[in-house]
Every structure is written in C-alpha cells, then in structure tokens.
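A short worksheet on the structure shown next.
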Amino acid sequence: MSEPTGVDGVSPDATRADESAVAEHSLSRRGFVRMLGWGGAGATVALGGRAAVDAIAEQSAPSPEELARAAAFAFETATIESGHQPGIATPQQAHASFIAFDLDASLTASRIKALLQILTDDSARLMTGTAPIADQEPEMAGDPAGLTVTMGYGPGLVDRVNPAAKPSWLKPLPGYKIDKLEDRWSGGDFLLQICADDPITLAHARRVLLKDARAFTTVRWVQDGFLGARGARVTGTTMRNLFGQLDGTVNPRTSEDLGQVVWIGSDSGESAWLHGGSSLVIRRISMDLERWDEVDRPGREASIGRRLDSGAPLTGTNEHDAPDFEARTPQGFHVIGPAAHIRRARGDGAERILRRPYNYDTALSGAAGSGAQVNDSGLIFAAYQANPEKQFAPMQARLAEADLLNTWTTPIGSAVFAIPGLGELGEIPGKALFE
C-alpha cells in the first residue's frame, strides 16, 4: 500500500511527520504551552492578566504582540492545574465541536506520536491567540475567545500503540434497552474536543487541526453543539438544554471534588500515561420536542424532579438545595417520584460524573403539516469521570431501566475515550503510552 501524502503530494515522513522536525518545530512555542497548563508538575497558572504574561516571560521571550494576546486570553478567573488537559475543568464555553477520527491502517506507533505532537504544538499556539506556522489565515488566530483543545484516545489508538497499557474501561459501553445507536455517531480511534466562545475562532481552529490530521486519518463523525452566547447569561450559571431544564446542577465544583470524581490519580492503579487524566463518555441523545410539547408544566417538572424556572428540586426552593427523596404528598406519594430523573441518576449517591453537555439543533427541510417534526434536536452529553465502568455505567443502567425522561429521549450515539494526563513542557498528552 502506498504511503499517505501530505500537502502538495509530499509524504508526511518527508515533512512535518518526521519526529526530529516536530521536536524542533515545538521549541518556539513552549512559553505558551506553560501558560495553558501543558507543563511540568506543580505549576498552577492563572489565565489572564499579569500572571499569564509573567508565566510566559519566564519560559521564553515572545513578541509584545504575542504577550498582549496572551494577557487577553479569555479565561478571566479560571486556572488550569498542571497535569490536566484544558477543556475539562475549564468553565464551559458557548460552542463546541467534537471530532472523532479513524487512524490510517498504515500508521505505526511512531507516526501516531508524530501526529499527536503536531496537533499538540498547533493547539498550544491557537489557544494563546498565536497562529501556527502553517496557518494560511493567521489573522483569524488573534482572538482565542476562550479556545481549548482536548485530546482523547480511543480503544483503536491504544491497541495500535501499547495494548498492554489499555485500561479495562476503554471499550464501548454495555448495550442498554433504550439505545438506538447509529455508527455515524459512535466509536472512533481518536478525538478532538474543540471549545470556544466565538464560532469563528472555533471554525478556524477546527480547520487548522483537521488539515494537520488529514494525511493520517479519516473523519468518522463530527458533532457540533452550543450553549447560550457568552454574556447572555451570568458566568457560572448552569446551562439549559432544549427541554428548558437546567443541566449540570450537581456537577463537582471544587478541586477536592474534581480530584475524587474526575482525575485519575497516581494511586489509582492505572498506567502512568493516564495519571492526571480522565475518561470521556459521549452520548448523542435525540430529544423529541414535538411530544414534549404535549406535556404540561407539572408533568415536565415531575419527570425530572426539579422546577423548570429555578432548577430547584421539587422539595426545595433554590437550585442547589439538596433533594428530599423521603418527602411525601398528603396522599402519601413521594414528591420526587420513583422514576424521576434526579432520583434514578443519584442512586445511592456513590456514582458521580462531571457533565459538560452541549445542545444541537437543525431545522428539517420539507417539514409540513400540523404536528410534523420541524427540528432534529438533542443533547451531546459529554461526561468526564475517572472510571466510566464504576461511575457512568451504573448510573446509565438505572436510567435505562426506569427514567421518565426516556419517554422523550433516545440515545443514538455513544463513544468512550481516555483523556491522557500531561507531563513535561511541550510533550504530547500521555507520552508514557509510547514508552
């Protein structure tokens, strides 16, 4: 089989895929990598303002223009801890693109590593508002708008590189009776999660990174999602899905919680390439808005166990009030019913995840007539956790068994990815996988 070719028909081995060239290509970007948390152990860098500028200046000597762009980086109060990829604990941006790839059958482990180095290098520049070397529209990189790029490794990539280091949970989820999964939304060897507060910034970053990968991969699927625009809602408020429900109320919010729920620690028993990392389960959930239209407000609130306006549990007043699952009506029924979503999701409270979902919505051409479906709508449910077998899967099993929301929702896509941790400055995520 002939070797894949890069731009202008030149073999990637003769261009940027050569590992020594990639390493040299990375040197000028390392100051920016540090600011993003793509650095050595123990560093926590505030993104924005003088702290960002000082962090960059300590590592390299970029131009004043580059420093100014870095100082304007859009994460106003967020921090990214060294050892974790951005785009997980990062405050959720308004727009997201999830892209799954299948690797070319001819790729060796060394060439996969070279591809990941190229993507790491260009992502680091894009996230700091600096155009990658091969960027043909460099002016479009100047406003990062909170851009993050997160890389995920699927079962196929790990099997190709180092199958002995594959965690037991890196495999498709068990089948659930509510699933109607489609191949066009499922699986994948490699994932890019690209998020930003500006769709133009996101589109430019996506094109740059897709061009990096095109000689090595085939795009398996793309899922684009959105939240409320930046500034349209108070920063830190919970997003709403297209049913009008607040989605993510019980997310872990402190460093301690994230350590318990999301991050894979060095004491976890997992391979070193995962330390500081996480796992990502992506479920594409179709939402039947036409049938949802037929449900009155009390019925909608009973299905989830929360009020639509405030997100408060039916037994409380404010969004973050603890639900009282023992409370009963004067007639003796549970206020939060046995099949209410929050009761089924909670279980005994042991399984927790970090929800980072995005809405999707496309108007359907040709729709006509009373009651016709006019939109293909739903949720890209992105869930981060340290171990999906122990956290996500038991929760999903309970929901599949009896959740009132199943009346109006159908999972049509599913994929699981390992999200490697970060090591030394400028290294690819999960470098130890290749050692």
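A note on labels: chains of the structure tokens are A, B, ... as shown, every chain counts residues from 1, and ligands are counted from 1 in their shown order.
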DSSP alpha helix (DSSP H) residues within range 63-172 of chain A, listed as a ChimeraX atom specification: /A:64-71,109-127,155-161
All residues 8 Å or closer to range 269-276 of chain A, only C-alpha atoms, same chain fewer than 4 positions away omitted, as a list in words: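 Counting only the stated atoms, we get Gly83, His84, Ala165, Lys166, Pro167, Trp263, Ile264, Gly265, Ala418, Ile419, Pro420, Gly421, Leu422, Pro429, Gly430, Lys431, Ala432 and Leu433 of chain A.
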Distance criterion (only C-alpha atoms): nearest to Asn251 in chain A out of A:Ala415, A:Leu354, A:Ala89, A:Met140: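 When distances to Asn251 in chain A are compared using only C-alpha atoms, the smallest one comes from A:Leu354.
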Nearest to Phe243 in chain A, chosen from A:Leu157, A:Val335, A:Leu379, A:Ala393, with only C-alpha atoms counted in the distances: A:Leu379
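Taking CA of Glu435 in chain A and CA of Gly423 in chain A as endpoints, the distance between them is 13.1 Å.
Using only C-alpha atoms, the smallest distance between any of A:Arg220, A:Arg355, A:Arg253, A:Arg240 and Ile282 in chain A comes from A:Arg355.
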DSSP strand (DSSP E or B) selection over range 282-329 of chain A, as a PyMOL selection string: chain A and resi 282-287+306+313+328
Of the listed residues A:Leu242, A:Ala345, A:Ala350, A:Ile200, that which approaches Glu290 in chain A most closely, counting only C-alpha atoms: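 Closest residue, counting only C-alpha atoms: A:Leu242.
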Select from range 401-435 of chain A every residue with an atom at most 8 Å from any atom of range 100-123 of chain A, then for each give the shortest pair of atoms and their distance in Å to one decimal, using only C-alpha atoms, rows by chain and rising number, as JSON lines.
{"residue": "A:Gly426", "atom": "CA", "partner": "A:Asp121", "partner_atom": "CA", "distance": 7.3}
{"residue": "A:Glu427", "atom": "CA", "partner": "A:Gln117", "partner_atom": "CA", "distance": 7.3}
{"residue": "A:Ile428", "atom": "CA", "partner": "A:Gln117", "partner_atom": "CA", "distance": 5.6}
{"residue": "A:Pro429", "atom": "CA", "partner": "A:Thr120", "partner_atom": "CA", "distance": 7.9}
{"residue": "A:Phe434", "atom": "CA", "partner": "A:Ala109", "partner_atom": "CA", "distance": 7.3}
